[in-house]
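Step one of this worksheet: look at the structure below.
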Amino acid sequence: MKVCPGGKKHIDMTIKEAQVAVDQWIRTYGVRYFSELTNMACLTEEVGELAKVMARTYGDQSFKKGEKANLGEEMADVLWVLLCLANQTGVDLTDELRKSFEKKTKRDGTRHLSNPKLKEKPRQ
């Protein structure tokens, strides 16, 4: 554990450690996991909340009175529910992420490097 500026404690953890920590929290404070279908609906809801913050922060929408830019919090909420789903369906996200890197590297190893559209400046 590290202490960050402002005195906040900072915990570095691997994806596996995050899966274990979420599982321990659920079993200690949450009683049990919601059903997989309920958690899928929760994930969709959290992604929607993240999309709203993105639209207001980087898109054309503005924040409503009382709303705040809580981008990190919304991303963490998405990750939390994804970790729940992985735990309850027996998915090792560390292993799956490694496989995803391998797949994308094999499939797209030169594709993006040779894409002339990516050499242009992004539109504002």
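Residue names in the structure tokens use chain letters A, B, ... in the order shown, residue numbers from 1 in each chain, and ligand numbers from 1 in the order shown.
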Item to check | Selection near range 58-68 of chain A, 12 Å with only C-alpha atoms, sequence-local residues under 6 positions removed, as a PyMOL selection string | outcome: chain A and resi 49-52+74+124
Item to check | Shell of 10 Å around range 34-36 of chain A, only C-alpha atoms, local chain residues under 5 positions omitted, as a list in words | outcome: Ile26, Ala41, Cys42, Cys84, Leu85, Ala86, Gln88 and Thr89 of chain A
Export of the given selection (all heavy atoms) as a JSON list (two decimals), in the first residue's frame:
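selection02.json was written with the following content:
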```json
[["chain", "number", "residue", "atom", "x", "y", "z"],
["A", 26, "ILE", "N", -18.14, -9.03, -1.67],
["A", 26, "ILE", "CA", -19.50, -9.55, -1.89],
["A", 26, "ILE", "C", -19.87, -10.52, -0.77],
["A", 26, "ILE", "O", -20.96, -10.44, -0.20],
["A", 26, "ILE", "CB", -19.61, -10.26, -3.27],
["A", 26, "ILE", "CG1", -19.45, -9.25, -4.42],
["A", 26, "ILE", "CG2", -20.92, -11.04, -3.38],
["A", 26, "ILE", "CD1", -20.58, -8.27, -4.59],
["A", 41, "ALA", "N", -27.63, -6.57, -16.46],
["A", 41, "ALA", "CA", -28.42, -5.35, -16.51],
["A", 41, "ALA", "C", -27.71, -4.22, -15.75],
["A", 41, "ALA", "O", -27.70, -3.07, -16.21],
["A", 41, "ALA", "CB", -29.81, -5.59, -15.94],
["A", 42, "CYS", "N", -27.11, -4.54, -14.61],
["A", 42, "CYS", "CA", -26.35, -3.54, -13.84],
["A", 42, "CYS", "C", -25.16, -3.02, -14.65],
["A", 42, "CYS", "O", -24.87, -1.82, -14.64],
["A", 42, "CYS", "CB", -25.87, -4.12, -12.52],
["A", 42, "CYS", "SG", -27.17, -4.44, -11.32],
["A", 84, "CYS", "N", -17.54, -8.81, -11.00],
["A", 84, "CYS", "CA", -18.58, -9.67, -10.43],
["A", 84, "CYS", "C", -19.00, -10.73, -11.44],
["A", 84, "CYS", "O", -19.08, -11.93, -11.10],
["A", 84, "CYS", "CB", -19.81, -8.84, -10.03],
["A", 84, "CYS", "SG", -19.59, -7.85, -8.54],
["A", 85, "LEU", "N", -19.28, -10.31, -12.66],
["A", 85, "LEU", "CA", -19.70, -11.26, -13.70],
["A", 85, "LEU", "C", -18.62, -12.30, -13.97],
["A", 85, "LEU", "O", -18.93, -13.49, -14.13],
["A", 85, "LEU", "CB", -20.06, -10.52, -14.98],
["A", 85, "LEU", "CG", -21.43, -9.85, -14.99],
["A", 85, "LEU", "CD1", -21.54, -8.87, -16.16],
["A", 85, "LEU", "CD2", -22.54, -10.89, -15.05],
["A", 86, "ALA", "N", -17.38, -11.86, -14.01],
["A", 86, "ALA", "CA", -16.28, -12.81, -14.23],
["A", 86, "ALA", "C", -16.22, -13.82, -13.09],
["A", 86, "ALA", "O", -16.10, -15.04, -13.33],
["A", 86, "ALA", "CB", -14.95, -12.06, -14.36],
["A", 88, "GLN", "N", -18.60, -14.83, -11.00],
["A", 88, "GLN", "CA", -19.73, -15.74, -10.89],
["A", 88, "GLN", "C", -19.86, -16.67, -12.09],
["A", 88, "GLN", "O", -20.57, -17.67, -12.00],
["A", 88, "GLN", "CB", -21.02, -14.98, -10.61],
["A", 88, "GLN", "CG", -21.50, -14.07, -11.67],
["A", 88, "GLN", "CD", -22.61, -13.16, -11.17],
["A", 88, "GLN", "OE1", -22.56, -11.99, -11.42],
["A", 88, "GLN", "NE2", -23.61, -13.69, -10.48],
["A", 89, "THR", "N", -19.16, -16.37, -13.18],
["A", 89, "THR", "CA", -19.19, -17.27, -14.35],
["A", 89, "THR", "C", -17.89, -18.05, -14.51],
["A", 89, "THR", "O", -17.72, -18.79, -15.48],
["A", 89, "THR", "CB", -19.47, -16.47, -15.64],
["A", 89, "THR", "OG1", -18.46, -15.46, -15.81],
["A", 89, "THR", "CG2", -20.86, -15.83, -15.60]]
```
Using DSSP on the backbone coordinates, identify the residues of chain A assigned to helix (DSSP H, G or I); present them as a PDB file with N, CA and C atoms, in the first residue's frame.
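The resulting file, part-v9.pdb, is reproduced below:
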```pdb
ATOM      1  N   ILE A  15      -5.319  -7.773 -11.829  1.00  0.00           N
ATOM      2  CA  ILE A  15      -6.703  -8.095 -12.147  1.00  0.00           C
ATOM      3  C   ILE A  15      -7.174  -9.256 -11.279  1.00  0.00           C
ATOM      4  N   LYS A  16      -6.332 -10.250 -11.113  1.00  0.00           N
ATOM      5  CA  LYS A  16      -6.678 -11.408 -10.276  1.00  0.00           C
ATOM      6  C   LYS A  16      -6.952 -10.967  -8.845  1.00  0.00           C
ATOM      7  N   GLU A  17      -6.096 -10.100  -8.309  1.00  0.00           N
ATOM      8  CA  GLU A  17      -6.307  -9.599  -6.957  1.00  0.00           C
ATOM      9  C   GLU A  17      -7.600  -8.803  -6.856  1.00  0.00           C
ATOM     10  N   ALA A  18      -7.937  -8.071  -7.908  1.00  0.00           N
ATOM     11  CA  ALA A  18      -9.200  -7.323  -7.922  1.00  0.00           C
ATOM     12  C   ALA A  18     -10.383  -8.282  -7.917  1.00  0.00           C
ATOM     13  N   GLN A  19     -10.288  -9.364  -8.685  1.00  0.00           N
ATOM     14  CA  GLN A  19     -11.367 -10.350  -8.685  1.00  0.00           C
ATOM     15  C   GLN A  19     -11.543 -10.946  -7.289  1.00  0.00           C
ATOM     16  N   VAL A  20     -10.441 -11.257  -6.623  1.00  0.00           N
ATOM     17  CA  VAL A  20     -10.506 -11.825  -5.271  1.00  0.00           C
ATOM     18  C   VAL A  20     -11.074 -10.800  -4.296  1.00  0.00           C
ATOM     19  N   ALA A  21     -10.628  -9.548  -4.394  1.00  0.00           N
ATOM     20  CA  ALA A  21     -11.095  -8.502  -3.478  1.00  0.00           C
ATOM     21  C   ALA A  21     -12.597  -8.266  -3.633  1.00  0.00           C
ATOM     22  N   VAL A  22     -13.093  -8.238  -4.869  1.00  0.00           N
ATOM     23  CA  VAL A  22     -14.526  -8.066  -5.097  1.00  0.00           C
ATOM     24  C   VAL A  22     -15.284  -9.264  -4.521  1.00  0.00           C
ATOM     25  N   ASP A  23     -14.776 -10.464  -4.743  1.00  0.00           N
ATOM     26  CA  ASP A  23     -15.431 -11.660  -4.212  1.00  0.00           C
ATOM     27  C   ASP A  23     -15.501 -11.609  -2.686  1.00  0.00           C
ATOM     28  N   GLN A  24     -14.394 -11.212  -2.049  1.00  0.00           N
ATOM     29  CA  GLN A  24     -14.392 -11.111  -0.587  1.00  0.00           C
ATOM     30  C   GLN A  24     -15.379 -10.056  -0.107  1.00  0.00           C
ATOM     31  N   TRP A  25     -15.455  -8.926  -0.815  1.00  0.00           N
ATOM     32  CA  TRP A  25     -16.394  -7.875  -0.430  1.00  0.00           C
ATOM     33  C   TRP A  25     -17.837  -8.372  -0.550  1.00  0.00           C
ATOM     34  N   ILE A  26     -18.137  -9.029  -1.669  1.00  0.00           N
ATOM     35  CA  ILE A  26     -19.495  -9.555  -1.886  1.00  0.00           C
ATOM     36  C   ILE A  26     -19.868 -10.517  -0.766  1.00  0.00           C
ATOM     37  N   ARG A  27     -18.963 -11.417  -0.432  1.00  0.00           N
ATOM     38  CA  ARG A  27     -19.261 -12.427   0.587  1.00  0.00           C
ATOM     39  C   ARG A  27     -19.347 -11.825   1.988  1.00  0.00           C
ATOM     40  N   THR A  28     -18.652 -10.713   2.219  1.00  0.00           N
ATOM     41  CA  THR A  28     -18.666 -10.071   3.532  1.00  0.00           C
ATOM     42  C   THR A  28     -19.822  -9.092   3.686  1.00  0.00           C
ATOM     43  N   TYR A  29     -20.030  -8.254   2.681  1.00  0.00           N
ATOM     44  CA  TYR A  29     -21.009  -7.170   2.795  1.00  0.00           C
ATOM     45  C   TYR A  29     -22.222  -7.326   1.885  1.00  0.00           C
ATOM     46  N   GLY A  30     -22.085  -8.042   0.825  1.00  0.00           N
ATOM     47  CA  GLY A  30     -23.152  -8.119  -0.167  1.00  0.00           C
ATOM     48  C   GLY A  30     -24.060  -9.316  -0.013  1.00  0.00           C
ATOM     49  N   GLU A  36     -26.659 -13.606 -12.621  1.00  0.00           N
ATOM     50  CA  GLU A  36     -25.872 -13.167 -13.778  1.00  0.00           C
ATOM     51  C   GLU A  36     -26.665 -12.203 -14.652  1.00  0.00           C
ATOM     52  N   LEU A  37     -27.948 -12.486 -14.847  1.00  0.00           N
ATOM     53  CA  LEU A  37     -28.769 -11.612 -15.677  1.00  0.00           C
ATOM     54  C   LEU A  37     -28.947 -10.237 -15.021  1.00  0.00           C
ATOM     55  N   THR A  38     -29.155 -10.216 -13.709  1.00  0.00           N
ATOM     56  CA  THR A  38     -29.262  -8.936 -13.003  1.00  0.00           C
ATOM     57  C   THR A  38     -27.956  -8.165 -13.107  1.00  0.00           C
ATOM     58  N   ASN A  39     -26.826  -8.838 -12.942  1.00  0.00           N
ATOM     59  CA  ASN A  39     -25.538  -8.152 -13.060  1.00  0.00           C
ATOM     60  C   ASN A  39     -25.277  -7.673 -14.479  1.00  0.00           C
ATOM     61  N   MET A  40     -25.782  -8.396 -15.479  1.00  0.00           N
ATOM     62  CA  MET A  40     -25.646  -7.915 -16.858  1.00  0.00           C
ATOM     63  C   MET A  40     -26.435  -6.630 -17.034  1.00  0.00           C
ATOM     64  N   ALA A  41     -27.625  -6.575 -16.456  1.00  0.00           N
ATOM     65  CA  ALA A  41     -28.419  -5.346 -16.511  1.00  0.00           C
ATOM     66  C   ALA A  41     -27.713  -4.217 -15.753  1.00  0.00           C
ATOM     67  N   CYS A  42     -27.109  -4.543 -14.610  1.00  0.00           N
ATOM     68  CA  CYS A  42     -26.352  -3.538 -13.843  1.00  0.00           C
ATOM     69  C   CYS A  42     -25.164  -3.024 -14.653  1.00  0.00           C
ATOM     70  N   LEU A  43     -24.484  -3.933 -15.362  1.00  0.00           N
ATOM     71  CA  LEU A  43     -23.351  -3.519 -16.194  1.00  0.00           C
ATOM     72  C   LEU A  43     -23.811  -2.561 -17.285  1.00  0.00           C
ATOM     73  N   THR A  44     -24.933  -2.881 -17.907  1.00  0.00           N
ATOM     74  CA  THR A  44     -25.482  -2.008 -18.945  1.00  0.00           C
ATOM     75  C   THR A  44     -25.809  -0.636 -18.374  1.00  0.00           C
ATOM     76  N   GLU A  45     -26.390  -0.610 -17.190  1.00  0.00           N
ATOM     77  CA  GLU A  45     -26.709   0.653 -16.521  1.00  0.00           C
ATOM     78  C   GLU A  45     -25.441   1.458 -16.242  1.00  0.00           C
ATOM     79  N   GLU A  46     -24.413   0.790 -15.733  1.00  0.00           N
ATOM     80  CA  GLU A  46     -23.164   1.491 -15.410  1.00  0.00           C
ATOM     81  C   GLU A  46     -22.474   2.012 -16.667  1.00  0.00           C
ATOM     82  N   VAL A  47     -22.505   1.253 -17.750  1.00  0.00           N
ATOM     83  CA  VAL A  47     -21.933   1.725 -19.019  1.00  0.00           C
ATOM     84  C   VAL A  47     -22.707   2.953 -19.501  1.00  0.00           C
ATOM     85  N   GLY A  48     -24.011   2.956 -19.315  1.00  0.00           N
ATOM     86  CA  GLY A  48     -24.817   4.120 -19.677  1.00  0.00           C
ATOM     87  C   GLY A  48     -24.429   5.352 -18.877  1.00  0.00           C
ATOM     88  N   GLU A  49     -24.181   5.167 -17.577  1.00  0.00           N
ATOM     89  CA  GLU A  49     -23.756   6.292 -16.742  1.00  0.00           C
ATOM     90  C   GLU A  49     -22.382   6.810 -17.186  1.00  0.00           C
ATOM     91  N   LEU A  50     -21.490   5.906 -17.567  1.00  0.00           N
ATOM     92  CA  LEU A  50     -20.185   6.300 -18.094  1.00  0.00           C
ATOM     93  C   LEU A  50     -20.353   7.055 -19.405  1.00  0.00           C
ATOM     94  N   ALA A  51     -21.236   6.568 -20.265  1.00  0.00           N
ATOM     95  CA  ALA A  51     -21.487   7.232 -21.556  1.00  0.00           C
ATOM     96  C   ALA A  51     -22.006   8.647 -21.337  1.00  0.00           C
ATOM     97  N   LYS A  52     -22.857   8.831 -20.352  1.00  0.00           N
ATOM     98  CA  LYS A  52     -23.401  10.161 -20.066  1.00  0.00           C
ATOM     99  C   LYS A  52     -22.282  11.122 -19.660  1.00  0.00           C
ATOM    100  N   VAL A  53     -21.373  10.669 -18.802  1.00  0.00           N
ATOM    101  CA  VAL A  53     -20.255  11.527 -18.387  1.00  0.00           C
ATOM    102  C   VAL A  53     -19.344  11.824 -19.571  1.00  0.00           C
ATOM    103  N   MET A  54     -19.100  10.826 -20.413  1.00  0.00           N
ATOM    104  CA  MET A  54     -18.260  11.030 -21.600  1.00  0.00           C
ATOM    105  C   MET A  54     -18.895  12.052 -22.531  1.00  0.00           C
ATOM    106  N   ALA A  55     -20.215  11.934 -22.749  1.00  0.00           N
ATOM    107  CA  ALA A  55     -20.916  12.859 -23.649  1.00  0.00           C
ATOM    108  C   ALA A  55     -20.865  14.284 -23.121  1.00  0.00           C
ATOM    109  N   ARG A  56     -20.948  14.427 -21.816  1.00  0.00           N
ATOM    110  CA  ARG A  56     -20.940  15.767 -21.233  1.00  0.00           C
ATOM    111  C   ARG A  56     -19.529  16.338 -21.100  1.00  0.00           C
ATOM    112  N   THR A  57     -18.541  15.453 -20.951  1.00  0.00           N
ATOM    113  CA  THR A  57     -17.156  15.912 -20.798  1.00  0.00           C
ATOM    114  C   THR A  57     -16.479  16.148 -22.141  1.00  0.00           C
ATOM    115  N   TYR A  58     -16.662  15.226 -23.083  1.00  0.00           N
ATOM    116  CA  TYR A  58     -15.942  15.285 -24.354  1.00  0.00           C
ATOM    117  C   TYR A  58     -16.849  15.535 -25.554  1.00  0.00           C
ATOM    118  N   LEU A  71     -15.720  10.768 -14.008  1.00  0.00           N
ATOM    119  CA  LEU A  71     -15.317   9.778 -15.010  1.00  0.00           C
ATOM    120  C   LEU A  71     -14.683   8.541 -14.373  1.00  0.00           C
ATOM    121  N   GLY A  72     -13.718   8.748 -13.489  1.00  0.00           N
ATOM    122  CA  GLY A  72     -13.042   7.614 -12.855  1.00  0.00           C
ATOM    123  C   GLY A  72     -13.984   6.758 -12.036  1.00  0.00           C
ATOM    124  N   GLU A  73     -14.879   7.405 -11.320  1.00  0.00           N
ATOM    125  CA  GLU A  73     -15.858   6.674 -10.508  1.00  0.00           C
ATOM    126  C   GLU A  73     -16.749   5.810 -11.383  1.00  0.00           C
ATOM    127  N   GLU A  74     -17.187   6.354 -12.510  1.00  0.00           N
ATOM    128  CA  GLU A  74     -18.051   5.576 -13.409  1.00  0.00           C
ATOM    129  C   GLU A  74     -17.284   4.419 -14.038  1.00  0.00           C
ATOM    130  N   MET A  75     -16.023   4.646 -14.409  1.00  0.00           N
ATOM    131  CA  MET A  75     -15.217   3.548 -14.956  1.00  0.00           C
ATOM    132  C   MET A  75     -15.027   2.452 -13.909  1.00  0.00           C
ATOM    133  N   ALA A  76     -14.785   2.851 -12.660  1.00  0.00           N
ATOM    134  CA  ALA A  76     -14.613   1.869 -11.589  1.00  0.00           C
ATOM    135  C   ALA A  76     -15.901   1.079 -11.361  1.00  0.00           C
ATOM    136  N   ASP A  77     -17.054   1.732 -11.485  1.00  0.00           N
ATOM    137  CA  ASP A  77     -18.326   1.026 -11.334  1.00  0.00           C
ATOM    138  C   ASP A  77     -18.511  -0.020 -12.433  1.00  0.00           C
ATOM    139  N   VAL A  78     -18.112   0.324 -13.659  1.00  0.00           N
ATOM    140  CA  VAL A  78     -18.180  -0.638 -14.765  1.00  0.00           C
ATOM    141  C   VAL A  78     -17.256  -1.823 -14.471  1.00  0.00           C
ATOM    142  N   LEU A  79     -16.037  -1.525 -14.035  1.00  0.00           N
ATOM    143  CA  LEU A  79     -15.073  -2.585 -13.725  1.00  0.00           C
ATOM    144  C   LEU A  79     -15.587  -3.476 -12.600  1.00  0.00           C
ATOM    145  N   TRP A  80     -16.172  -2.883 -11.581  1.00  0.00           N
ATOM    146  CA  TRP A  80     -16.698  -3.645 -10.439  1.00  0.00           C
ATOM    147  C   TRP A  80     -17.705  -4.705 -10.914  1.00  0.00           C
ATOM    148  N   VAL A  81     -18.674  -4.278 -11.711  1.00  0.00           N
ATOM    149  CA  VAL A  81     -19.711  -5.221 -12.153  1.00  0.00           C
ATOM    150  C   VAL A  81     -19.116  -6.254 -13.108  1.00  0.00           C
ATOM    151  N   LEU A  82     -18.174  -5.847 -13.938  1.00  0.00           N
ATOM    152  CA  LEU A  82     -17.508  -6.800 -14.830  1.00  0.00           C
ATOM    153  C   LEU A  82     -16.751  -7.856 -14.013  1.00  0.00           C
ATOM    154  N   LEU A  83     -16.081  -7.425 -12.946  1.00  0.00           N
ATOM    155  CA  LEU A  83     -15.385  -8.373 -12.068  1.00  0.00           C
ATOM    156  C   LEU A  83     -16.382  -9.322 -11.399  1.00  0.00           C
ATOM    157  N   CYS A  84     -17.538  -8.806 -11.002  1.00  0.00           N
ATOM    158  CA  CYS A  84     -18.584  -9.668 -10.433  1.00  0.00           C
ATOM    159  C   CYS A  84     -19.002 -10.732 -11.440  1.00  0.00           C
ATOM    160  N   LEU A  85     -19.282 -10.306 -12.664  1.00  0.00           N
ATOM    161  CA  LEU A  85     -19.700 -11.258 -13.698  1.00  0.00           C
ATOM    162  C   LEU A  85     -18.622 -12.302 -13.967  1.00  0.00           C
ATOM    163  N   ALA A  86     -17.375 -11.862 -14.009  1.00  0.00           N
ATOM    164  CA  ALA A  86     -16.281 -12.812 -14.234  1.00  0.00           C
ATOM    165  C   ALA A  86     -16.222 -13.824 -13.092  1.00  0.00           C
ATOM    166  N   ASN A  87     -16.331 -13.342 -11.876  1.00  0.00           N
ATOM    167  CA  ASN A  87     -16.273 -14.248 -10.725  1.00  0.00           C
ATOM    168  C   ASN A  87     -17.392 -15.276 -10.760  1.00  0.00           C
ATOM    169  N   GLN A  88     -18.596 -14.827 -10.998  1.00  0.00           N
ATOM    170  CA  GLN A  88     -19.725 -15.741 -10.891  1.00  0.00           C
ATOM    171  C   GLN A  88     -19.859 -16.671 -12.087  1.00  0.00           C
ATOM    172  N   THR A  89     -19.155 -16.375 -13.179  1.00  0.00           N
ATOM    173  CA  THR A  89     -19.187 -17.270 -14.348  1.00  0.00           C
ATOM    174  C   THR A  89     -17.888 -18.055 -14.509  1.00  0.00           C
ATOM    175  N   LEU A  93     -10.107 -13.254 -15.714  1.00  0.00           N
ATOM    176  CA  LEU A  93      -9.914 -12.099 -16.604  1.00  0.00           C
ATOM    177  C   LEU A  93      -8.444 -11.865 -16.948  1.00  0.00           C
ATOM    178  N   THR A  94      -7.529 -12.238 -16.069  1.00  0.00           N
ATOM    179  CA  THR A  94      -6.105 -12.088 -16.392  1.00  0.00           C
ATOM    180  C   THR A  94      -5.756 -12.941 -17.602  1.00  0.00           C
ATOM    181  N   ASP A  95      -6.191 -14.181 -17.569  1.00  0.00           N
ATOM    182  CA  ASP A  95      -5.918 -15.098 -18.677  1.00  0.00           C
ATOM    183  C   ASP A  95      -6.636 -14.652 -19.950  1.00  0.00           C
ATOM    184  N   GLU A  96      -7.873 -14.214 -19.819  1.00  0.00           N
ATOM    185  CA  GLU A  96      -8.632 -13.782 -20.994  1.00  0.00           C
ATOM    186  C   GLU A  96      -8.054 -12.510 -21.605  1.00  0.00           C
ATOM    187  N   LEU A  97      -7.561 -11.599 -20.775  1.00  0.00           N
ATOM    188  CA  LEU A  97      -6.934 -10.387 -21.302  1.00  0.00           C
ATOM    189  C   LEU A  97      -5.638 -10.725 -22.042  1.00  0.00           C
ATOM    190  N   ARG A  98      -4.867 -11.654 -21.490  1.00  0.00           N
ATOM    191  CA  ARG A  98      -3.644 -12.102 -22.176  1.00  0.00           C
ATOM    192  C   ARG A  98      -3.985 -12.682 -23.540  1.00  0.00           C
ATOM    193  N   LYS A  99      -5.022 -13.522 -23.590  1.00  0.00           N
ATOM    194  CA  LYS A  99      -5.457 -14.112 -24.862  1.00  0.00           C
ATOM    195  C   LYS A  99      -5.929 -13.032 -25.834  1.00  0.00           C
ATOM    196  N   SER A 100      -6.595 -12.026 -25.316  1.00  0.00           N
ATOM    197  CA  SER A 100      -7.085 -10.939 -26.166  1.00  0.00           C
ATOM    198  C   SER A 100      -5.924 -10.160 -26.786  1.00  0.00           C
ATOM    199  N   PHE A 101      -4.879  -9.904 -25.987  1.00  0.00           N
ATOM    200  CA  PHE A 101      -3.686  -9.241 -26.533  1.00  0.00           C
ATOM    201  C   PHE A 101      -3.077 -10.075 -27.652  1.00  0.00           C
ATOM    202  N   GLU A 102      -2.958 -11.375 -27.428  1.00  0.00           N
ATOM    203  CA  GLU A 102      -2.384 -12.261 -28.443  1.00  0.00           C
ATOM    204  C   GLU A 102      -3.222 -12.240 -29.719  1.00  0.00           C
ATOM    205  N   LYS A 103      -4.538 -12.337 -29.575  1.00  0.00           N
ATOM    206  CA  LYS A 103      -5.443 -12.337 -30.728  1.00  0.00           C
ATOM    207  C   LYS A 103      -5.333 -11.033 -31.508  1.00  0.00           C
ATOM    208  N   LYS A 104      -5.375  -9.910 -30.791  1.00  0.00           N
ATOM    209  CA  LYS A 104      -5.323  -8.609 -31.453  1.00  0.00           C
ATOM    210  C   LYS A 104      -3.964  -8.372 -32.115  1.00  0.00           C
ATOM    211  N   THR A 105      -2.898  -8.819 -31.485  1.00  0.00           N
ATOM    212  CA  THR A 105      -1.569  -8.655 -32.067  1.00  0.00           C
ATOM    213  C   THR A 105      -1.436  -9.470 -33.346  1.00  0.00           C
ATOM    214  N   LYS A 106      -1.932 -10.696 -33.303  1.00  0.00           N
ATOM    215  CA  LYS A 106      -1.872 -11.558 -34.491  1.00  0.00           C
ATOM    216  C   LYS A 106      -2.741 -10.983 -35.618  1.00  0.00           C
ATOM    217  N   ARG A 107      -3.937 -10.552 -35.271  1.00  0.00           N
ATOM    218  CA  ARG A 107      -4.894 -10.064 -36.263  1.00  0.00           C
ATOM    219  C   ARG A 107      -4.558  -8.662 -36.755  1.00  0.00           C
ATOM    220  N   ASP A 108      -4.124  -7.788 -35.850  1.00  0.00           N
ATOM    221  CA  ASP A 108      -3.982  -6.369 -36.176  1.00  0.00           C
ATOM    222  C   ASP A 108      -2.546  -5.857 -36.055  1.00  0.00           C
ATOM    223  N   PRO A 116      -3.761   4.762 -43.252  1.00  0.00           N
ATOM    224  CA  PRO A 116      -3.492   6.193 -43.462  1.00  0.00           C
ATOM    225  C   PRO A 116      -4.437   7.098 -42.674  1.00  0.00           C
ATOM    226  N   LYS A 117      -5.624   6.627 -42.357  1.00  0.00           N
ATOM    227  CA  LYS A 117      -6.568   7.435 -41.587  1.00  0.00           C
ATOM    228  C   LYS A 117      -6.040   7.736 -40.187  1.00  0.00           C
ATOM    229  N   LEU A 118      -5.239   6.834 -39.652  1.00  0.00           N
ATOM    230  CA  LEU A 118      -4.713   7.040 -38.298  1.00  0.00           C
ATOM    231  C   LEU A 118      -3.506   7.978 -38.282  1.00  0.00           C
ATOM    232  N   LYS A 119      -2.990   8.271 -39.472  1.00  0.00           N
ATOM    233  CA  LYS A 119      -1.859   9.207 -39.554  1.00  0.00           C
ATOM    234  C   LYS A 119      -2.342  10.648 -39.612  1.00  0.00           C
TER     235      LYS A 119
END
```
Next on the checklist: Report, in Å to a single decimal, how far apart CA of Val91 in chain A and CA of Arg32 in chain A are.
Outcome noted: 17.6 Å
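Between CA of Gly90 in chain A and CA of Val31 in chain A the separation is 18.7 Å.
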Among the residues of chain A, find those DSSP assigns to strand (DSSP E or B) from the backbone and print them as an mmCIF file with N, CA and C atoms, in the first residue's frame.
```cif
data_model
loop_
_atom_site.group_PDB
_atom_site.id
_atom_site.type_symbol
_atom_site.label_atom_id
_atom_site.label_comp_id
_atom_site.auth_asym_id
_atom_site.auth_seq_id
_atom_site.Cartn_x
_atom_site.Cartn_y
_atom_site.Cartn_z
ATOM 1 N N LYS A 2 0.539 2.199 -0.823
ATOM 2 C CA LYS A 2 1.287 3.445 -0.933
ATOM 3 C C LYS A 2 0.422 4.587 -0.437
ATOM 4 N N VAL A 3 1.059 5.640 0.048
ATOM 5 C CA VAL A 3 0.323 6.842 0.406
ATOM 6 C C VAL A 3 0.558 7.857 -0.700
ATOM 7 N N LYS A 9 -4.667 6.572 0.784
ATOM 8 C CA LYS A 9 -3.999 5.288 0.601
ATOM 9 C C LYS A 9 -4.298 4.777 -0.801
ATOM 10 N N HIS A 10 -3.279 4.230 -1.430
ATOM 11 C CA HIS A 10 -3.391 3.746 -2.803
ATOM 12 C C HIS A 10 -2.989 2.281 -2.806
#
```
